[in-house]
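Shown below: upload-v9.pdb, with PDB, C-alpha atoms, pLDDT in the B column.
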```pdb
ATOM      1  CA  MET E   1     -97.627  55.350  31.784  1.00 79.00           C
ATOM      2  CA  LEU E   2     -93.899  55.940  31.343  1.00 83.00           C
ATOM      3  CA  PRO E   3     -91.679  52.948  30.590  1.00 83.00           C
ATOM      4  CA  ARG E   4     -88.837  54.443  32.630  1.00 85.00           C
ATOM      5  CA  VAL E   5     -88.202  57.624  34.628  1.00 87.00           C
ATOM      6  CA  ASP E   6     -85.810  58.846  37.289  1.00 87.00           C
ATOM      7  CA  SER E   7     -88.590  59.627  39.777  1.00 90.00           C
ATOM      8  CA  THR E   8     -92.320  60.017  39.280  1.00 92.00           C
ATOM      9  CA  ASN E   9     -92.279  62.864  41.800  1.00 93.00           C
ATOM     10  CA  ALA E  10     -89.537  64.651  39.879  1.00 91.00           C
ATOM     11  CA  GLU E  11     -91.486  64.169  36.646  1.00 92.00           C
ATOM     12  CA  ALA E  12     -94.693  65.383  38.294  1.00 92.00           C
ATOM     13  CA  LEU E  13     -92.996  68.594  39.433  1.00 91.00           C
ATOM     14  CA  ARG E  14     -91.502  69.092  35.969  1.00 90.00           C
ATOM     15  CA  GLN E  15     -94.911  68.764  34.345  1.00 88.00           C
ATOM     16  CA  ALA E  16     -97.110  70.466  36.951  1.00 82.00           C
ATOM     17  CA  ALA E  17     -96.674  73.959  35.515  1.00 75.00           C
ATOM     18  CA  THR E  18     -98.066  72.951  32.118  1.00 82.00           C
ATOM     19  CA  LEU E  19    -100.819  70.513  33.102  1.00 82.00           C
ATOM     20  CA  GLY E  20    -104.375  71.760  32.811  1.00 81.00           C
ATOM     21  CA  ALA E  21    -105.725  69.388  35.478  1.00 89.00           C
ATOM     22  CA  PRO E  22    -104.399  67.055  38.173  1.00 92.00           C
ATOM     23  CA  THR E  23    -102.687  64.138  36.441  1.00 95.00           C
ATOM     24  CA  TRP E  24    -101.354  60.772  37.581  1.00 97.00           C
ATOM     25  CA  ILE E  25     -97.885  59.880  36.296  1.00 96.00           C
ATOM     26  CA  MET E  26     -96.979  56.194  36.575  1.00 95.00           C
ATOM     27  CA  THR E  27     -93.896  54.242  35.544  1.00 94.00           C
ATOM     28  CA  ARG E  28     -92.820  50.636  35.233  1.00 90.00           C
ATOM     29  CA  ASP E  29     -89.183  51.402  36.074  1.00 84.00           C
ATOM     30  CA  GLN E  30     -88.078  54.116  38.501  1.00 83.00           C
ATOM     31  CA  THR E  31     -84.314  54.567  38.544  1.00 78.00           C
ATOM     32  CA  ALA E  32     -83.977  57.178  41.307  1.00 72.00           C
ATOM     33  CA  GLY E  33     -87.063  56.828  43.476  1.00 68.00           C
ATOM     34  CA  ARG E  34     -87.126  58.890  46.647  1.00 64.00           C
ATOM     35  CA  ALA E  35     -88.491  58.324  50.122  1.00 61.00           C
ATOM     36  CA  ARG E  36     -88.625  60.628  53.145  1.00 57.00           C
ATOM     37  CA  ARG E  37     -85.488  62.347  54.481  1.00 53.00           C
ATOM     38  CA  GLY E  38     -83.583  61.839  51.225  1.00 54.00           C
ATOM     39  CA  ARG E  39     -83.670  58.054  51.321  1.00 62.00           C
ATOM     40  CA  GLY E  40     -84.024  55.973  48.186  1.00 63.00           C
ATOM     41  CA  TRP E  41     -87.142  53.974  47.328  1.00 65.00           C
ATOM     42  CA  VAL E  42     -86.320  50.568  45.869  1.00 68.00           C
ATOM     43  CA  MET E  43     -88.736  49.339  43.194  1.00 78.00           C
ATOM     44  CA  PRO E  44     -88.607  45.657  42.251  1.00 82.00           C
ATOM     45  CA  ALA E  45     -90.278  44.757  38.964  1.00 85.00           C
ATOM     46  CA  GLY E  46     -94.073  44.647  39.072  1.00 93.00           C
ATOM     47  CA  ASN E  47     -94.431  47.131  41.904  1.00 95.00           C
ATOM     48  CA  PHE E  48     -96.379  50.385  41.790  1.00 96.00           C
ATOM     49  CA  ALA E  49     -94.808  53.832  41.495  1.00 95.00           C
ATOM     50  CA  ALA E  50     -96.931  56.844  40.612  1.00 96.00           C
ATOM     51  CA  SER E  51     -97.328  60.505  41.491  1.00 97.00           C
ATOM     52  CA  LEU E  52    -100.233  62.885  41.272  1.00 97.00           C
ATOM     53  CA  ALA E  53     -99.159  66.202  39.760  1.00 95.00           C
ATOM     54  CA  ALA E  54    -101.417  69.061  40.818  1.00 92.00           C
ATOM     55  CA  ARG E  55    -101.578  72.751  41.684  1.00 89.00           C
ATOM     56  CA  PRO E  56    -104.182  72.841  44.459  1.00 87.00           C
ATOM     57  CA  PRO E  57    -105.004  76.115  46.205  1.00 84.00           C
ATOM     58  CA  GLY E  58    -103.699  76.796  49.678  1.00 86.00           C
ATOM     59  CA  THR E  59    -100.586  77.364  51.713  1.00 88.00           C
ATOM     60  CA  PRO E  60     -97.766  74.829  52.163  1.00 87.00           C
ATOM     61  CA  ALA E  61     -99.382  73.882  55.489  1.00 89.00           C
ATOM     62  CA  ASP E  62    -102.695  73.256  53.727  1.00 91.00           C
ATOM     63  CA  LEU E  63    -101.013  71.105  51.113  1.00 92.00           C
ATOM     64  CA  SER E  64     -99.277  68.970  53.743  1.00 93.00           C
ATOM     65  CA  LEU E  65    -102.706  67.583  54.643  1.00 96.00           C
ATOM     66  CA  TYR E  66    -102.763  65.794  51.294  1.00 96.00           C
ATOM     67  CA  SER E  67    -100.485  63.226  52.939  1.00 96.00           C
ATOM     68  CA  PHE E  68    -103.477  62.080  54.996  1.00 98.00           C
ATOM     69  CA  VAL E  69    -105.730  62.092  51.925  1.00 98.00           C
ATOM     70  CA  ALA E  70    -103.182  59.878  50.173  1.00 98.00           C
ATOM     71  CA  ALA E  71    -102.951  57.521  53.157  1.00 98.00           C
ATOM     72  CA  LEU E  72    -106.723  57.053  53.293  1.00 98.00           C
ATOM     73  CA  ALA E  73    -106.904  56.503  49.539  1.00 98.00           C
ATOM     74  CA  LEU E  74    -104.083  53.959  49.743  1.00 98.00           C
ATOM     75  CA  HIS E  75    -105.791  52.140  52.603  1.00 98.00           C
ATOM     76  CA  GLU E  76    -109.035  51.985  50.614  1.00 98.00           C
ATOM     77  CA  ALA E  77    -107.333  50.788  47.415  1.00 98.00           C
ATOM     78  CA  LEU E  78    -105.318  48.157  49.265  1.00 98.00           C
ATOM     79  CA  ALA E  79    -108.424  46.894  51.049  1.00 98.00           C
ATOM     80  CA  ALA E  80    -110.048  46.341  47.653  1.00 97.00           C
ATOM     81  CA  ALA E  81    -106.913  44.712  46.212  1.00 97.00           C
ATOM     82  CA  CYS E  82    -106.064  42.498  49.188  1.00 96.00           C
ATOM     83  CA  GLY E  83    -109.478  41.292  50.279  1.00 93.00           C
ATOM     84  CA  PRO E  84    -111.262  41.238  53.644  1.00 92.00           C
ATOM     85  CA  ALA E  85    -108.751  38.955  55.389  1.00 91.00           C
ATOM     86  CA  ALA E  86    -105.904  41.469  55.090  1.00 95.00           C
ATOM     87  CA  ARG E  87    -104.997  43.514  58.178  1.00 97.00           C
ATOM     88  CA  LEU E  88    -104.332  47.092  57.098  1.00 98.00           C
ATOM     89  CA  ALA E  89    -103.289  50.076  59.188  1.00 98.00           C
ATOM     90  CA  ILE E  90    -101.700  53.489  58.660  1.00 98.00           C
ATOM     91  CA  LYS E  91     -98.408  54.241  60.414  1.00 97.00           C
ATOM     92  CA  TRP E  92     -97.817  57.918  61.091  1.00 96.00           C
ATOM     93  CA  PRO E  93     -96.836  59.881  59.168  1.00 88.00           C
ATOM     94  CA  ASN E  94     -96.912  58.230  55.764  1.00 87.00           C
ATOM     95  CA  ASP E  95     -96.734  54.422  55.613  1.00 95.00           C
ATOM     96  CA  VAL E  96     -99.420  51.799  55.113  1.00 97.00           C
ATOM     97  CA  LEU E  97     -98.962  48.456  56.840  1.00 98.00           C
ATOM     98  CA  LEU E  98    -100.254  45.090  55.646  1.00 98.00           C
ATOM     99  CA  ASN E  99    -100.328  42.319  58.260  1.00 97.00           C
ATOM    100  CA  GLY E 100     -97.858  44.380  60.292  1.00 95.00           C
ATOM    101  CA  GLY E 101     -95.302  44.954  57.512  1.00 96.00           C
ATOM    102  CA  LYS E 102     -94.725  48.036  55.387  1.00 95.00           C
ATOM    103  CA  VAL E 103     -96.425  47.646  52.019  1.00 97.00           C
ATOM    104  CA  ALA E 104     -96.627  51.264  50.844  1.00 96.00           C
ATOM    105  CA  GLY E 105     -95.168  54.715  51.369  1.00 94.00           C
ATOM    106  CA  ILE E 106     -96.059  58.295  50.513  1.00 96.00           C
ATOM    107  CA  LEU E 107     -93.838  61.282  49.724  1.00 95.00           C
ATOM    108  CA  LEU E 108     -95.145  64.819  49.198  1.00 95.00           C
ATOM    109  CA  GLU E 109     -92.895  67.318  47.435  1.00 93.00           C
ATOM    110  CA  SER E 110     -93.646  70.816  46.205  1.00 91.00           C
ATOM    111  CA  THR E 111     -92.169  73.809  44.427  1.00 85.00           C
ATOM    112  CA  GLY E 112     -93.263  77.443  44.395  1.00 72.00           C
ATOM    113  CA  GLN E 113     -94.439  79.796  47.097  1.00 55.00           C
ATOM    114  CA  GLY E 114     -98.140  80.186  46.359  1.00 51.00           C
ATOM    115  CA  GLY E 115     -99.699  83.359  45.046  1.00 49.00           C
ATOM    116  CA  ARG E 116    -100.902  83.659  41.486  1.00 53.00           C
ATOM    117  CA  GLY E 117     -98.620  80.908  40.214  1.00 57.00           C
ATOM    118  CA  GLY E 118     -99.721  78.481  42.906  1.00 72.00           C
ATOM    119  CA  ILE E 119     -97.699  75.669  44.398  1.00 86.00           C
ATOM    120  CA  ALA E 120     -96.797  72.661  42.289  1.00 90.00           C
ATOM    121  CA  LEU E 121     -97.499  69.548  44.349  1.00 93.00           C
ATOM    122  CA  ALA E 122     -96.355  65.984  43.727  1.00 95.00           C
ATOM    123  CA  VAL E 123     -98.025  63.236  45.756  1.00 96.00           C
ATOM    124  CA  GLY E 124     -95.752  60.248  45.291  1.00 96.00           C
ATOM    125  CA  ILE E 125     -96.959  56.755  46.151  1.00 96.00           C
ATOM    126  CA  GLY E 126     -95.038  53.499  46.092  1.00 95.00           C
ATOM    127  CA  VAL E 127     -96.644  50.104  46.725  1.00 97.00           C
ATOM    128  CA  ASN E 128     -95.013  46.685  46.953  1.00 96.00           C
ATOM    129  CA  LEU E 129     -97.488  44.851  44.767  1.00 97.00           C
ATOM    130  CA  ALA E 130     -95.329  42.002  43.473  1.00 96.00           C
ATOM    131  CA  ALA E 131     -92.243  41.951  45.688  1.00 95.00           C
ATOM    132  CA  ALA E 132     -90.796  43.505  48.818  1.00 92.00           C
ATOM    133  CA  PRO E 133     -87.325  45.071  48.716  1.00 85.00           C
ATOM    134  CA  ASP E 134     -84.475  43.390  50.565  1.00 81.00           C
ATOM    135  CA  ALA E 135     -84.885  44.133  54.263  1.00 75.00           C
ATOM    136  CA  ALA E 136     -81.088  44.203  54.654  1.00 70.00           C
ATOM    137  CA  ALA E 137     -81.001  47.373  52.562  1.00 65.00           C
ATOM    138  CA  LEU E 138     -83.279  49.256  54.961  1.00 67.00           C
ATOM    139  CA  GLU E 139     -82.234  51.417  57.875  1.00 69.00           C
ATOM    140  CA  PRO E 140     -81.931  49.733  61.267  1.00 64.00           C
ATOM    141  CA  ARG E 141     -85.211  49.324  63.199  1.00 70.00           C
ATOM    142  CA  ALA E 142     -87.364  50.018  60.128  1.00 77.00           C
ATOM    143  CA  VAL E 143     -90.609  48.073  59.799  1.00 89.00           C
ATOM    144  CA  ALA E 144     -90.001  44.983  57.682  1.00 91.00           C
ATOM    145  CA  PRO E 145     -91.277  45.311  54.106  1.00 94.00           C
ATOM    146  CA  VAL E 146     -93.961  43.021  52.690  1.00 96.00           C
ATOM    147  CA  SER E 147     -95.781  42.725  49.381  1.00 97.00           C
ATOM    148  CA  VAL E 148     -99.403  42.284  48.387  1.00 98.00           C
ATOM    149  CA  LEU E 149     -98.560  39.094  46.491  1.00 97.00           C
ATOM    150  CA  GLY E 150     -96.501  37.660  49.321  1.00 97.00           C
ATOM    151  CA  GLU E 151     -99.066  38.354  52.029  1.00 97.00           C
ATOM    152  CA  THR E 152    -102.301  37.614  50.177  1.00 97.00           C
ATOM    153  CA  GLY E 153    -101.429  35.668  47.028  1.00 96.00           C
ATOM    154  CA  HIS E 154    -103.280  38.275  44.964  1.00 96.00           C
ATOM    155  CA  LYS E 155    -101.630  39.348  41.711  1.00 97.00           C
ATOM    156  CA  VAL E 156    -102.408  43.009  41.064  1.00 97.00           C
ATOM    157  CA  SER E 157    -100.912  44.932  38.149  1.00 97.00           C
ATOM    158  CA  PRO E 158     -99.876  48.590  38.521  1.00 96.00           C
ATOM    159  CA  GLU E 159    -102.628  49.579  36.084  1.00 97.00           C
ATOM    160  CA  GLU E 160    -105.261  47.712  38.081  1.00 98.00           C
ATOM    161  CA  PHE E 161    -104.054  49.332  41.272  1.00 98.00           C
ATOM    162  CA  LEU E 162    -104.175  52.837  39.820  1.00 98.00           C
ATOM    163  CA  ASP E 163    -107.785  52.167  38.785  1.00 98.00           C
ATOM    164  CA  LEU E 164    -108.519  51.584  42.494  1.00 98.00           C
ATOM    165  CA  LEU E 165    -106.333  54.361  43.864  1.00 98.00           C
ATOM    166  CA  ALA E 166    -107.211  57.306  41.626  1.00 98.00           C
ATOM    167  CA  PRO E 167    -110.985  57.395  42.333  1.00 98.00           C
ATOM    168  CA  ALA E 168    -110.365  56.777  46.043  1.00 98.00           C
ATOM    169  CA  PHE E 169    -107.958  59.718  46.154  1.00 98.00           C
ATOM    170  CA  ALA E 170    -110.470  61.921  44.338  1.00 97.00           C
ATOM    171  CA  ARG E 171    -113.199  61.072  46.872  1.00 98.00           C
ATOM    172  CA  TRP E 172    -111.031  61.817  49.921  1.00 97.00           C
ATOM    173  CA  GLN E 173    -109.676  64.967  48.294  1.00 96.00           C
ATOM    174  CA  GLN E 174    -113.232  66.167  47.708  1.00 96.00           C
ATOM    175  CA  GLN E 175    -113.981  65.642  51.403  1.00 97.00           C
ATOM    176  CA  LEU E 176    -110.936  67.671  52.389  1.00 96.00           C
ATOM    177  CA  GLU E 177    -111.818  70.521  50.054  1.00 94.00           C
ATOM    178  CA  THR E 178    -115.518  70.683  50.968  1.00 96.00           C
ATOM    179  CA  LEU E 179    -115.619  69.645  54.638  1.00 97.00           C
ATOM    180  CA  GLY E 180    -112.131  70.509  55.858  1.00 96.00           C
ATOM    181  CA  PHE E 181    -109.637  68.358  57.714  1.00 97.00           C
ATOM    182  CA  ALA E 182    -111.893  67.204  60.578  1.00 97.00           C
ATOM    183  CA  PRO E 183    -113.498  64.218  58.778  1.00 98.00           C
ATOM    184  CA  ILE E 184    -110.147  63.285  57.232  1.00 98.00           C
ATOM    185  CA  ARG E 185    -108.575  63.347  60.678  1.00 98.00           C
ATOM    186  CA  SER E 186    -111.333  61.163  62.161  1.00 98.00           C
ATOM    187  CA  ALA E 187    -111.091  58.628  59.345  1.00 98.00           C
ATOM    188  CA  TRP E 188    -107.299  58.532  59.585  1.00 98.00           C
ATOM    189  CA  VAL E 189    -107.324  57.998  63.370  1.00 98.00           C
ATOM    190  CA  ALA E 190    -109.812  55.146  62.950  1.00 98.00           C
ATOM    191  CA  ARG E 191    -107.224  53.358  60.778  1.00 98.00           C
ATOM    192  CA  ALA E 192    -104.100  54.326  62.746  1.00 98.00           C
ATOM    193  CA  ALA E 193    -101.558  51.686  63.748  1.00 97.00           C
ATOM    194  CA  ARG E 194    -100.857  51.353  67.493  1.00 96.00           C
ATOM    195  CA  LEU E 195    -103.390  53.930  68.589  1.00 97.00           C
ATOM    196  CA  GLY E 196    -103.447  54.043  72.390  1.00 96.00           C
ATOM    197  CA  GLN E 197    -100.221  52.044  72.640  1.00 96.00           C
ATOM    198  CA  THR E 198     -96.689  53.054  73.582  1.00 96.00           C
ATOM    199  CA  ILE E 199     -94.494  54.122  70.668  1.00 95.00           C
ATOM    200  CA  THR E 200     -91.134  55.867  70.339  1.00 94.00           C
ATOM    201  CA  ALA E 201     -90.582  59.069  68.380  1.00 94.00           C
ATOM    202  CA  ARG E 202     -87.101  59.954  67.175  1.00 92.00           C
ATOM    203  CA  ILE E 203     -86.667  63.686  66.650  1.00 92.00           C
ATOM    204  CA  GLY E 204     -83.192  64.429  65.369  1.00 89.00           C
ATOM    205  CA  THR E 205     -80.810  62.888  67.878  1.00 91.00           C
ATOM    206  CA  THR E 206     -83.327  62.615  70.709  1.00 93.00           C
ATOM    207  CA  THR E 207     -86.063  60.074  71.375  1.00 92.00           C
ATOM    208  CA  ARG E 208     -89.134  60.056  73.570  1.00 91.00           C
ATOM    209  CA  SER E 209     -91.647  57.329  74.266  1.00 94.00           C
ATOM    210  CA  GLY E 210     -95.281  57.669  75.202  1.00 96.00           C
ATOM    211  CA  ARG E 211     -98.871  56.745  74.466  1.00 97.00           C
ATOM    212  CA  PHE E 212     -99.971  57.510  70.897  1.00 97.00           C
ATOM    213  CA  GLU E 213    -103.259  59.427  71.100  1.00 97.00           C
ATOM    214  CA  GLY E 214    -103.796  60.352  67.455  1.00 97.00           C
ATOM    215  CA  ILE E 215    -103.143  63.535  65.478  1.00 98.00           C
ATOM    216  CA  ASP E 216    -104.103  67.168  65.991  1.00 97.00           C
ATOM    217  CA  ASP E 217    -105.773  69.533  63.522  1.00 95.00           C
ATOM    218  CA  SER E 218    -102.454  70.146  61.742  1.00 96.00           C
ATOM    219  CA  GLY E 219    -101.650  66.451  61.387  1.00 96.00           C
ATOM    220  CA  ALA E 220     -99.000  66.466  64.124  1.00 97.00           C
ATOM    221  CA  LEU E 221     -98.659  63.299  66.192  1.00 97.00           C
ATOM    222  CA  ILE E 222    -100.013  63.523  69.743  1.00 98.00           C
ATOM    223  CA  LEU E 223     -97.810  61.719  72.257  1.00 97.00           C
ATOM    224  CA  VAL E 224     -98.481  61.522  76.002  1.00 97.00           C
ATOM    225  CA  THR E 225     -95.260  61.089  77.976  1.00 93.00           C
ATOM    226  CA  ALA E 226     -94.290  61.414  81.617  1.00 90.00           C
ATOM    227  CA  ALA E 227     -93.763  65.126  80.927  1.00 90.00           C
ATOM    228  CA  GLY E 228     -97.276  65.605  79.547  1.00 95.00           C
ATOM    229  CA  ARG E 229     -99.106  65.795  76.232  1.00 96.00           C
ATOM    230  CA  GLU E 230     -97.040  66.868  73.243  1.00 95.00           C
ATOM    231  CA  ALA E 231     -97.764  67.531  69.552  1.00 96.00           C
ATOM    232  CA  ILE E 232     -94.880  66.393  67.351  1.00 96.00           C
ATOM    233  CA  PRO E 233     -94.953  67.736  63.771  1.00 95.00           C
ATOM    234  CA  ALA E 234     -92.100  65.613  62.392  1.00 93.00           C
ATOM    235  CA  ALA E 235     -90.371  62.473  63.669  1.00 94.00           C
ATOM    236  CA  GLU E 236     -89.434  58.899  62.906  1.00 92.00           C
ATOM    237  CA  ILE E 237     -91.755  56.454  64.678  1.00 93.00           C
ATOM    238  CA  PHE E 238     -90.759  53.073  66.074  1.00 92.00           C
ATOM    239  CA  PHE E 239     -92.921  50.433  67.678  1.00 91.00           C
ATOM    240  CA  GLU E 240     -91.928  48.750  70.915  1.00 76.00           C
ATOM    241  CA  GLU E 241     -90.692  45.540  69.284  1.00 67.00           C
ATOM    242  CA  ASP E 242     -88.497  47.647  66.971  1.00 45.00           C
ATOM    243  CA  ALA E 243     -86.665  49.358  69.838  1.00 40.00           C
TER     244      ALA E 243
END
```

Translate the structure of the given file into structure tokens.
Amino acid sequence: MLPRVDSTNAEALRQAATLGAPTWIMTRDQTAGRARRGRGWVMPAGNFAASLAARPPGTPADLSLYSFVAALALHEALAAACGPAARLAIKWPNDVLLNGGKVAGILLESTGQGGRGGIALAVGIGVNLAAAPDAAALEPRAVAPVSVLGETGHKVSPEEFLDLLAPAFARWQQQLETLGFAPIRSAWVARAARLGQTITARIGTTTRSGRFEGIDDSGALILVTAAGREAIPAAEIFFEEDA
């Protein structure tokens, strides 16, 4: 546990080269947290910010699948923390929703090119345990943020949450490494938000809408539009009410 750090992902990448085993790095105060596409990650007091620093074998494409491992582990940990009444779902590619609002996000970052030195991987996870950030500070059309405390009334400390998350991550990671991506993919799809419904994907300056049919064996989103079935490796996803 670090009292304060710029970014747990940045710290994980700094330490990855010298760590003898995968290690969780957690902080109580993150001054320069990062989200996808260079956005900031706001961390009100009492929320969870941690990164797993590791050097797993594989190519950059292999390591990208750890995003789905992290999502499943987050879903499992949140289910334990929130109780059976909570409605949880995973929003492609890297958010977890609680009662329809965004409660957690995931950011994978890496350095190195593989080979003998391996690739240093940081799996960053942020969870709104105690408070949700101000929705006015978010980009337009983003899913509204929520917190575990606000939605369920359950007070969960960062340390308690890591005790739920770390073993869940280890179990899903073991599945990926021993059985491959297929069971991870099936489990992820079973928890996917808006599966079978119409969603909108923003790719750069273009958008396309279609039926969300899951993910392929690389983790790309499968969208069925008027033009046919398409695999989309990277995009921003919006639900119909957000359009």

Chain and number of each residue from the PyMOL selection byres ((chain E and resi 189-195) around 9), as a PyMOL selection string: chain E and resi 72+75+88-92+96-97+100+184-188+196-199+211-215+239

Distance in Å - CA of Leu223 in chain E versus CA of Gln173 in chain E: 26.9 Å

Output of the PyMOL selection byres ((chain E and resi 143-148) around 6), listed as a ChimeraX atom specification: /E:101-103,128-132,142,149-152

Print the selection's residues with C-alpha atoms to a file, as a PDB file, in the frame of the given file.
```pdb
ATOM      1  CA  GLY E 101     -95.302  44.954  57.512  1.00 96.00           C
ATOM      2  CA  LYS E 102     -94.725  48.036  55.387  1.00 95.00           C
ATOM      3  CA  VAL E 103     -96.425  47.646  52.019  1.00 97.00           C
ATOM      4  CA  ASN E 128     -95.013  46.685  46.953  1.00 96.00           C
ATOM      5  CA  LEU E 129     -97.488  44.851  44.767  1.00 97.00           C
ATOM      6  CA  ALA E 130     -95.329  42.002  43.473  1.00 96.00           C
ATOM      7  CA  ALA E 131     -92.243  41.951  45.688  1.00 95.00           C
ATOM      8  CA  ALA E 132     -90.796  43.505  48.818  1.00 92.00           C
ATOM      9  CA  ALA E 142     -87.364  50.018  60.128  1.00 77.00           C
ATOM     10  CA  LEU E 149     -98.560  39.094  46.491  1.00 97.00           C
ATOM     11  CA  GLY E 150     -96.501  37.660  49.321  1.00 97.00           C
ATOM     12  CA  GLU E 151     -99.066  38.354  52.029  1.00 97.00           C
ATOM     13  CA  THR E 152    -102.301  37.614  50.177  1.00 97.00           C
TER      14      THR E 152
END
```

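Interatomic distance, CA of Gly105 in chain E against CA of Ile125 in chain E: 5.9 Å.
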
Target residues per the PyMOL selection byres ((chain E and resi 172) around 12), formatted as number ranges by chain: E: 65-77, 165-171, 173-185, 187-188

Point-to-point distance from CA of Ser64 in chain E to CA of Thr225 in chain E, Å rounded to tenths: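 These two atoms are separated by 25.8 Å.
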
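Taking all atoms listed in the file, the non-local environment of Val5 in chain E within 8 Å (same-chain residues fewer than 3 positions away omitted) comprises Leu2, Thr8, Glu11, Thr27, Asp29, Gln30, Thr31 and Ala32 of chain E.
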
For the residues in that selection, give me C-alpha atoms as a PDB file, in the frame of the given file.
```pdb
ATOM      1  CA  LEU E   2     -93.899  55.940  31.343  1.00 83.00           C
ATOM      2  CA  THR E   8     -92.320  60.017  39.280  1.00 92.00           C
ATOM      3  CA  GLU E  11     -91.486  64.169  36.646  1.00 92.00           C
ATOM      4  CA  THR E  27     -93.896  54.242  35.544  1.00 94.00           C
ATOM      5  CA  ASP E  29     -89.183  51.402  36.074  1.00 84.00           C
ATOM      6  CA  GLN E  30     -88.078  54.116  38.501  1.00 83.00           C
ATOM      7  CA  THR E  31     -84.314  54.567  38.544  1.00 78.00           C
ATOM      8  CA  ALA E  32     -83.977  57.178  41.307  1.00 72.00           C
TER       9      ALA E  32
END
```

Nearest residue to Ser51 in chain E from the set E:Leu98, E:Ala21, E:Ala120, E:Ala10 (distances using all atoms listed in the file):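 Counting all atoms listed in the file, the residue closest to Ser51 in chain E is E:Ala10.
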
Shortest interatomic distance to Val123 in chain E - which of E:Gly228, E:Pro93, E:Gly153, E:Pro22, counting only C-alpha atoms: E:Pro22

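Nearest residue to Gln15 in chain E, choosing from E:Asp95, E:Arg55, E:Arg87, E:Cys82 and counting only C-alpha atoms: E:Arg55.
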
Selected residue, from E:Leu52, E:Ala85, E:Ala80, E:Ile203, that lies nearest to Leu19 in chain E when counting only C-alpha atoms: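 Of the candidates, the smallest distance to Leu19 in chain E is held by E:Leu52.
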
Proximity to Ala16 in chain E - best of E:Ser157, E:Ser218, E:Thr111, E:Thr206, only C-alpha atoms: E:Thr111

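Minimum atom-to-atom distance to Pro44 in chain E, evaluated using all atoms listed in the file, belongs to E:Val127 out of E:Ala17, E:Ile25, E:Ile106, E:Val127.
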